[in-house]
Amino acid sequence: MGTPVEAGSPGQVDLTFTVNATKNLQIISPYIYGVNDQTKAALAHATITRIGGNRMTAYNWENNASNAGSDYQFENDDYLCGQVNCTPSHTTAGAFLKAVIDQSVAANAAVVVTVPIVDYVAADTSPGGDVRNSGSNYLQTRFKQNKPTKGSAFVYPPDTTDGFVYEDEMVSWLTKTGEPNATLRFQLDNEPDLWSSTHAEVHPMAVTYAELAQRDVTYATAIKSVVPNAYVIGPVNYGWEGYVTLQNASDSQADGDFLSWWLDQMKAADAKAGKRIVDGMDLHWYPEATGGGTRIIDDGTGAAEVAAREQAPRSLWDMTYNETSWIQQSLNGPIYLIPRMTQKIAQHYPGTNLSFSEWNYGGGTDISGAIASADVLGIFGVYGVEMATMWSLNGDESFTYAAFQAYRNYDGKGATFGDVSIDSTTTDVPDSSVYGSIASSDASKLVVVAINKATTTKVAGIVIEHSTVYTKAAVYTVTAAGGAMPVAAPGITAVATNAFSYTMPAQSISVIVPTP
């Protein structure tokens with residue numbers, strides 16, 4: 001790109017957005033626009049989906065049986081195949097995985113597959129009720145032993161009479177036969193810090209640092225023994241107390257901060273193996289921020305909760321922002337989650353990617369949910385998060401998906417935010433956010449996402465530092481009145497060289513697409 005032209009003044013405005021295509025360029029990972037619900041992949045124009053959650057910890061790929069753990073009666077059942085079309089039958093090995101992956105492939109999305117790393121997975125789908133009521137030997141009668149490696153030739157269908165389930169055999173089948181054309185990644189189980197409560201039927205004792213590191217290395221090694229270039233992520237912590245102490249694990253005091261320790265162990269495993277064992281550090285993030293005494297992740301729309309929800313994304317990056325939460329109080333200062341985590345990675349296991357395979361900011365039925373989610377997606381791009389998949393919390397996530405569409409389908413015809421983030425700043429951080437992008441294939445293709453968190457309209461000056469002179473811009477908005485989707489709005493024209501004046505609707509997301 002050539003030398004930027006000198007931008008003019010946007011005139012008298014309430015705030016100014018400066019978008020500079022020559023500074024702080026950051027490749028945006030295509031995998032930050034992910035969801036956990038494969039049926040919504042097309043709606044969100046998602047780039048990746050995840051097969052995860054508590055159901056997958058005791059999932060038996062040989063017959064698709066699973067156990068809900070504390071989510072539903074600690075019951076072995078056929079729930080998973082009951083949710084999708086498992087063909088040719090519910091007991092066909094891998095049928096659940098294949099059905100879900102096929103949905104994702106149809107939506108042009110990659111898939112993260114959860115690999116169970118506990119010692120037992122469900123053997124059957126009945127009788128119902130708590131399996132622990134099946135007798136003192138229920139682990140022998142209602143479960144099969146889960147193993148990382150088979151140690152002999154893989155077959156399909158797998159042997160269902162041997163009492164064992166082999167995860168390397170599952171990975172081999174998926175990648176080489178079952179779904180050879182799909183882009184697959186592998187995740188080391190789900191929220192192990194909570195196993196002793198969510199999955200007391202198979203892991204009643206609280207996990208320790210040492211145990212989890214050993215399991216992660218063993219299963220990651222097994223996956224890569226089958227697919228050497230497989231992308232593997234862990235430890236999949238559920239939240240802050242998991243990040244810090246692995247939910248008060250017995251060895252937490254001796255070993256200190258869990259994630260720092262875990263990164264050290266993965267680095268040591270690399271050195272021993274002579275290759276990378278784990279590629280990404282994966283976390284779950286459901287903000288603990290509150291407004292008016294209410295945690296923001298529900299569907300509440302009270303003024304205090306809405307304001308807190310819209311400010312909460314600042315805790316992902318802002319080293320000056322203090323949310324109202326027990327996490328902030330425990331730190332006695334800002335959370336700045338992403339810089340905090342990337343600093344740990346740089347110190348303990350350089351080259352490891354950061355991902356969030358579950359996140360949600362609440363308000364899925366409200367414009368505040370769209371505003372918070374659009375802010376989060378922009379932050380993920382700016383700060384180099386490698387992957388993120390939103391988890392639906394409250395059923396209706398229509399406004400959350402509208403935020404995805406602002407980046408992935410803002411014109412209803414497949415137009416997307418660019419794949420390179422550029423330096424973008426606002427003079428009013430509390431009431432606004434701005435994210436600018438260019439296309440790696442054509443730097444003149446500029447797309448800006450501007451957010452107005454205020455309950456009143458705001459006149460925004462938009463100043464563009466770019467070698468291209470832009471004279472007009474198309475505009476698409478997400479507002480409460482417009483419904484849960486971007487809607488074409490009147491375009492704007494430059495008031496000076498590469499300077500625009502734009503009146504942002506109250507409580508809105510605006511996608512601004514300048515053209516010469």
# chains A, B, ... in the order shown; residues from 1 in each chain; ligands from 1
call {"tool": "residues_around", "arguments": {"residues": "Ser437 of chain A", "least_positions_apart": "3", "cutoff": "9 Å", "atoms": "only C-alpha atoms", "output": "ChimeraX atom specification"}}
result
/A:19,21,25,417-424,443,445-449
call {"tool": "select_by_dssp", "arguments": {"residues": "segment 32-202 of chain A", "states": "strand (DSSP E)", "output": "PyMOL selection string"}}
result
chain A and resi 34-35+48-51+66-67+76-77+110-115+120-122+143-147+164-166+184-188
call {"tool": "closest_residue", "arguments": {"among": "A:Ala402, A:Leu97, A:Ala374, A:Val121", "to": "Thr141 of chain A", "atoms": "only C-alpha atoms"}}
result
A:Val121
call {"tool": "atom_distance", "arguments": {"atom1": "atom CA of Asp298 of chain A", "atom2": "atom CA of Asp366 of chain A"}}
result
10.8 Å
call {"tool": "residues_around", "arguments": {"residues": "Ile233 of chain A", "least_positions_apart": "3", "cutoff": "6 Å", "atoms": "only C-alpha atoms", "output": "list of chain:residue names"}}
result
A:Gln187, A:Val278, A:Asp279, A:Gly280, A:Met281, A:Asp282
call {"tool": "closest_residue", "arguments": {"among": "A:Asp119, A:Gly129, A:Lys272, A:Ala312", "to": "Gly291 of chain A", "atoms": "only C-alpha atoms"}}
result
A:Ala312
call {"tool": "residues_around", "arguments": {"residues": "Asp251 of chain A", "least_positions_apart": "5", "cutoff": "9 Å", "atoms": "only C-alpha atoms", "output": "ChimeraX atom specification"}}
result
/A:208-210,245,256
call {"tool": "closest_residue", "arguments": {"among": "A:Tyr361, A:Tyr336, A:Tyr470, A:Tyr410", "to": "Trp391 of chain A", "atoms": "only C-alpha atoms"}}
result
A:Tyr361
call {"tool": "closest_residue", "arguments": {"among": "A:Thr49, A:Gln265, A:Gln83, A:Ser501", "to": "Gly461 of chain A", "atoms": "only C-alpha atoms"}}
result
A:Ser501
call {"tool": "closest_residue", "arguments": {"among": "A:Lys150, A:Lys344, A:Arg276, A:Lys176", "to": "Phe164 of chain A", "atoms": "only C-alpha atoms"}}
result
A:Lys150
call {"tool": "closest_residue", "arguments": {"among": "A:Ser398, A:Thr426, A:Ser368, A:Gln347", "to": "Ser508 of chain A", "atoms": "only C-alpha atoms"}}
result
A:Ser368
call {"tool": "residues_around", "arguments": {"residues": "Ala269 of chain A", "least_positions_apart": "6", "cutoff": "12 Å", "atoms": "only C-alpha atoms", "output": "list of chain:residue names"}}
result
A:Ala213, A:Gln214, A:Arg215, A:Asp216, A:Val217, A:Thr218, A:Ala220, A:Thr221, A:Trp262, A:Leu263, A:Lys275, A:Arg276, A:Ile277, A:Val278, A:Tyr349
call {"tool": "atom_distance", "arguments": {"atom1": "atom CA of Asn133 of chain A", "atom2": "atom CA of Asn76 of chain A"}}
result
11.8 Å
call {"tool": "closest_atom_pairs", "arguments": {"of": "segment 309-396 of chain A", "to": "segment 473-491 of chain A", "cutoff": "12 Å", "atoms": "only C-alpha atoms", "output": "tab-separated table"}}
result
residue	atom	partner	partner_atom	distance
A:Gly364	CA	A:Ala484	CA	9.6
A:Thr365	CA	A:Ala484	CA	8.3
A:Asp366	CA	A:Ala480	CA	7.1
A:Ile367	CA	A:Ala480	CA	5.4
A:Ser368	CA	A:Ala480	CA	8.9
A:Gly369	CA	A:Ala484	CA	10.4
A:Ala370	CA	A:Val478	CA	8.0
A:Ile371	CA	A:Val478	CA	8.7
A:Ala374	CA	A:Val478	CA	10.2
A:Asp396	CA	A:Ala484	CA	10.9
call {"tool": "write_last_selection", "arguments": {"atoms": "N, CA and C atoms", "output": "tab-separated table (two decimals), in the first residue's frame"}}
result
chain	number	residue	atom	x	y	z
A	364	GLY	N	-29.20	-12.55	24.60
A	364	GLY	CA	-29.37	-13.06	23.24
A	364	GLY	C	-30.62	-12.58	22.55
A	365	THR	N	-31.60	-12.08	23.30
A	365	THR	CA	-32.84	-11.59	22.70
A	365	THR	C	-32.88	-10.07	22.65
A	366	ASP	N	-31.77	-9.43	22.94
A	366	ASP	CA	-31.76	-7.98	23.11
A	366	ASP	C	-30.60	-7.35	22.34
A	367	ILE	N	-30.77	-6.10	21.94
A	367	ILE	CA	-29.71	-5.40	21.22
A	367	ILE	C	-28.43	-5.33	22.05
A	368	SER	N	-28.54	-5.33	23.38
A	368	SER	CA	-27.33	-5.29	24.20
A	368	SER	C	-26.50	-6.54	24.02
A	369	GLY	N	-27.15	-7.68	23.77
A	369	GLY	CA	-26.41	-8.91	23.49
A	369	GLY	C	-25.67	-8.83	22.18
A	370	ALA	N	-26.30	-8.22	21.18
A	370	ALA	CA	-25.64	-8.03	19.89
A	370	ALA	C	-24.44	-7.10	20.03
A	371	ILE	N	-24.63	-6.00	20.77
A	371	ILE	CA	-23.55	-5.03	20.95
A	371	ILE	C	-22.36	-5.67	21.65
A	374	ALA	N	-20.72	-8.32	19.27
A	374	ALA	CA	-19.97	-7.69	18.18
A	374	ALA	C	-18.66	-7.12	18.70
A	396	ASP	N	-32.80	-18.61	22.88
A	396	ASP	CA	-32.90	-17.65	21.80
A	396	ASP	C	-31.66	-16.76	21.79
call {"tool": "residues_around", "arguments": {"residues": "Lys147 of chain A", "least_positions_apart": "4", "cutoff": "12 Å", "atoms": "only C-alpha atoms", "output": "list in words"}}
result
Asn60, Val115, Pro116, Ile117, Val118, Asp119, Tyr120, Val121, Gly151, Gly163, Phe164, Val165, Tyr166, Glu167, Asp168, Glu169, Met170, Arg215, Thr218, Tyr219, Ala222 and Ile223 of chain A
call {"tool": "residues_around", "arguments": {"residues": "His90 of chain A", "least_positions_apart": "2", "cutoff": "7 Å", "atoms": "only C-alpha atoms", "output": "PyMOL selection string"}}
result
chain A and resi 64+81+86-87+92+95
call {"tool": "write_last_selection", "arguments": {"atoms": "N, CA and C atoms", "output": "short mmCIF file (atom, residue, chain, number, x, y, z; two decimals), in the first residue's frame"}}
result
data_model
loop_
_atom_site.label_atom_id
_atom_site.label_comp_id
_atom_site.auth_asym_id
_atom_site.auth_seq_id
_atom_site.Cartn_x
_atom_site.Cartn_y
_atom_site.Cartn_z
N ASN A 64 -22.24 -44.60 20.31
CA ASN A 64 -22.88 -43.28 20.48
C ASN A 64 -23.60 -43.11 21.82
N CYS A 81 -27.82 -39.22 19.61
CA CYS A 81 -28.40 -39.63 18.34
C CYS A 81 -29.87 -39.24 18.25
N CYS A 86 -28.74 -40.05 13.07
CA CYS A 86 -27.65 -41.03 13.07
C CYS A 86 -27.99 -42.15 12.10
N THR A 87 -27.20 -42.29 11.07
CA THR A 87 -27.46 -43.32 10.06
C THR A 87 -26.26 -44.25 9.94
N THR A 92 -24.51 -47.36 15.07
CA THR A 92 -23.42 -47.39 14.10
C THR A 92 -22.25 -46.57 14.64
N ALA A 95 -21.60 -42.63 14.35
CA ALA A 95 -22.70 -42.03 13.59
C ALA A 95 -23.05 -40.64 14.07
#
call {"tool": "atom_distance", "arguments": {"atom1": "atom CA of Lys472 of chain A", "atom2": "atom CA of Val511 of chain A"}}
result
13.4 Å
